[in-house]
Amino acid sequence: MASVAHALTPVSLQLKWSHAFQFAGYYAAQEKGYYQDVGLQVEIREAKPGFDVVQSLLNGEATFGVGTSNLLLSRQQGHPVVALAVIFQHSPLVLIARGNAPTQTIHDLLDKRVMIEPHSEELLAFLTQVGLPTSRLGKVEHSHNPQDLVDGKVDAMSAYVTNEPYFLDQRGVAYQTYSPRAIGIDFYGDNLFTTESVIRRQPSEVEAFRAASLRGWQYAMAHPQEMADLIVAKYASQTPREFFLFEAGRMASLMQTDLIEVGYMNPGRWRHIADTYADLGLLPRGYDFDGFLLDAQPTVDWTRVYVLLGLLTLVSLVVVYIWRNNRELQRALAFSKETQHALALSEERHRLLADHASDVIWTMNLEGRFTYVSPSVERLRGYSVAEVMQQTPDQALAPASAPIAAEVLSRAVESVQAGQPVTGFRVELEQTCKGGGTVWTEVSVTDIRNQAGEFVNLLGVTRDITQRKRLEEQLRQLAFYDTLTQLANRRLLLERLDQVMTASKRSGLHCALMFLDLDNFKPLNDVHGHDAGDLLLQEVAVRLTRCVREADTVARFGGDEFVVLLSNLSMDMGESRAQAGVVAEKIRLNLDAPYLLKVTRTGSAPKTVKHDCSVSMGVVVFVNHQASQEDLLNWADVAMYQAKAAGRNTVRFYPTDV
């Protein structure tokens with residue numbers, strides 16, 4: 001092992017921010033040994049607000065870096081930076097404003113206090129194109145703290161859609177998100193780069209680092225739960241695990257790993273970015289960035305695209321035909337009376353078709369504004385057509401669905417700008433309803449083009465899938481949860497146990513498995529019937545859940561047997577046994593309290609039954625993969641029978657001596 005270590009070439013990666021799931025691919029490459037496999041010893045360095053990643057590479061302080069699309073500006077300024085790979089196919093940078101009133105627009109930020117962080121030129125371009133001069137913003141130095149928005153110190157702030165919304169949602173703050181992608185400004189995000197001098201000196205190391213990093217990203221996005229555990233254990237222990245999972249979920253739609261290989265760079269997209277900079281006066285028009293891209297060969301999986309092409313609904317096909325037919329008639333230079341009359345009848349007939357369809361049919365421009373919405377929207381969401389026409393997609397959607405819709409719109413804009421047809425996208429979106437509540441819908445999107453093949457509008461069909469979602473949830477409940485107690489069933493318990501054992505192997509933290517069997521349960525069934533027994537089991541489930549942390553698992557194993565799984569205890573066995581003992585004693589005392597059960601039998605008045613029922617419990621504390629799942633369950637079961645033999649209503653550990 002020592003000889004291998006000496007053979008490794010040391011390199012360093014400078015991140016653009018503090019440790020987060022945003023850099024999970026690099027952590028995965030480190031943890032899984034991908035860097036070592038290609039002969040590299042990699043040091044991963046985090047950054048803080050204000051840190052200049054580009055300058056650190058130019059100074060020779062780091063070998064590789066993670067930067068923004070501002071790398072183009074650095075290149076034009078004479079700095080020899082080279083983009084190696086793109087991680088985010090779409091930038092996560094957005095502007096978040098307080099409030100979410102239906103009539104609220106980005107123009108409400110005129111003369112308001114706004115924090116925009118440095119190197120946010122895509123936001124500046126966005127504000128310019130929507131007619132909101134930056135001179136009319138009350139610019140405030142960015143604190144990088146969403147609490148300033150919560151406290152009302154500012155009215156809006158630049159943010160990552162993968163980051164700040166989590167904290168705002170946690171604090172119950174109403175907010176509105178504005179994305180440059182809504183009007184076709186679509187930058188890359190988190191670009192891996194190096195310098196020309198590094199490529200000249202270490203060409204093989206550059207390619208090896210790039211390949212290993214992208215391999216790490218593929219693993220990270222396929223195993224978000226595992227990566228969240230790793231980040232908490234090794235990189236950012238003070239940040240909640242739930243945040244990293246939120247971040248991973250938001251990143252999936254920005255990376256599009258189902259369609260595009262991680263790292264893929266499109267020269268046409270970089271040209272779009274350069275042109276946007278030129279509009280701002282930051283780059284010369286037609287700037288030649290030859291040599292800026294290391295590798296721009298696409299590897300695109302078109303299978304999903306071909307599948308999506310086949311998913312357009314019959315209604316959307318009919319409406320496409322209608323629009324194209326009528327646009328052709330409207331473009332004619334002269335109409336005979338008969339033609340005009342036929343056109344009027346055609347338009348009226350087709351308008352009636354759209355207006356009375358059960359699905360909602362709508363059209364939208366590339367700025368994300370509705371240009372037509374069928375009246376059926378009022379049955380679906382409670383809003384009138386006039387109200388919906390004033391809404392942006394963000395206002396029409398639940399927070400979790402807004403970035404999905406933004407992604408579809410962005411991809412549609414990209415297709416139109418590239419002169420390509422908008423292929424049929426189909427997504428599931430949760431939409432808001434008037435008066436509160438939401439409705440789950442399936443939305444299909446394509447485009448409308450005139451006879452000359454020119455783009456006219458986006459066309460969408462929205463269908464209510466509430467019943468289908470309800471059925472899916474019911475099937476999920478049946479598959480993973482006990483129907484009587486709503487606790488995890490044996491199948492879900494074994495999955496959770498496998499996850500906990502894997503995390504323990506990585507972190508070195510102990511875990512505990514508790515096997516519980518109720519004492520004096522059978523007499524209740526014998527005297528008062530199974531209905532009374534079911535009520536007691538349900539009450540046991542409630543009491544057990546109150547005794548453990550939210551991250552722990554409580555499962556009904558069968559009959560009157562339950563299992564409790566505790567994760568992330570101490571790294572010391574003695575301390576872990578003590579921690580598990582505290583929880584076990586808490587459970588024993590709670591389950592030992594008398595049960596008052598309101599039993600109802602057919603033909604009889606309800607009566608309250610008092611019953612005493614304690615618990616015998618076996619506990620095994622473990623770390624890493626010391627044993628199989630079957631071994632752990634058997635050991636806990638053995639300890640439980642020792643508790644029974646000791647007089648019941650007690651706890652025993654396996655093994656009894658440590």
# chains A, B, ... in the order shown; residues from 1 in each chain; ligands from 1
>>> residues_around(residues="region 46-59 of chain A", least_positions_apart="4", cutoff="7 Å", atoms="only C-alpha atoms", output="MDAnalysis selection string")
chainID A and resid 14:19 63:65 67
>>> write_last_selection(atoms="N, CA and C atoms", output="CSV table (one decimal), in the first residue's frame")
chain,number,residue,atom,x,y,z
A,14,GLN,N,-9.9,23.3,-6.3
A,14,GLN,CA,-10.4,24.5,-5.5
A,14,GLN,C,-11.9,24.6,-5.8
A,15,LEU,N,-12.7,24.4,-4.8
A,15,LEU,CA,-14.2,24.6,-5.0
A,15,LEU,C,-14.5,26.1,-5.0
A,16,LYS,N,-15.7,26.4,-5.4
A,16,LYS,CA,-16.1,27.8,-5.5
A,16,LYS,C,-16.9,28.2,-4.3
A,17,TRP,N,-17.2,27.3,-3.4
A,17,TRP,CA,-18.0,27.6,-2.2
A,17,TRP,C,-17.7,26.6,-1.1
A,18,SER,N,-18.4,26.7,0.0
A,18,SER,CA,-18.1,25.8,1.1
A,18,SER,C,-18.7,24.4,0.7
A,19,HIS,N,-18.3,23.4,1.5
A,19,HIS,CA,-18.7,22.0,1.2
A,19,HIS,C,-20.2,21.8,1.1
A,63,THR,N,-4.6,23.2,-8.8
A,63,THR,CA,-4.4,22.6,-10.2
A,63,THR,C,-5.7,22.7,-11.0
A,64,PHE,N,-6.9,22.5,-10.3
A,64,PHE,CA,-8.2,22.5,-11.0
A,64,PHE,C,-9.1,23.4,-10.1
A,65,GLY,N,-10.1,23.9,-10.8
A,65,GLY,CA,-11.1,24.7,-10.0
A,65,GLY,C,-12.5,24.5,-10.5
A,67,GLY,N,-15.7,26.8,-11.5
A,67,GLY,CA,-16.0,28.2,-11.7
A,67,GLY,C,-17.3,28.4,-12.4
>>> residues_around(residues="Val262 (chain A)", least_positions_apart="4", cutoff="10 Å", atoms="only C-alpha atoms", output="ChimeraX atom specification")
/A:85-89,213-218,221,255-258,299-300
>>> closest_residue(among="A:Thr462, A:Gln474, A:Ser120, A:Ser12", to="Asn70 (chain A)", atoms="only C-alpha atoms")
A:Ser120
>>> closest_atom_pairs(of="region 165-273 of chain A", to="region 389-402 of chain A", cutoff="10 Å", atoms="only C-alpha atoms", output="CSV")
residue,atom,partner,partner_atom,distance
A:Pro165,CA,A:Pro399,CA,8.8
A:Asp169,CA,A:Pro399,CA,9.0
A:Tyr175,CA,A:Pro399,CA,9.5
A:Gln176,CA,A:Asp394,CA,7.4
A:Thr177,CA,A:Asp394,CA,7.0
A:Tyr178,CA,A:Asp394,CA,8.1
A:Ser179,CA,A:Asp394,CA,9.6
A:Ala182,CA,A:Pro393,CA,9.2
A:Phe246,CA,A:Ala400,CA,9.9
A:Gly249,CA,A:Ala400,CA,9.4
A:Arg250,CA,A:Ala400,CA,8.5
>>> atom_distance(atom1="CA of Gly138 (chain A)", atom2="CA of Phe167 (chain A)")
23.8 Å
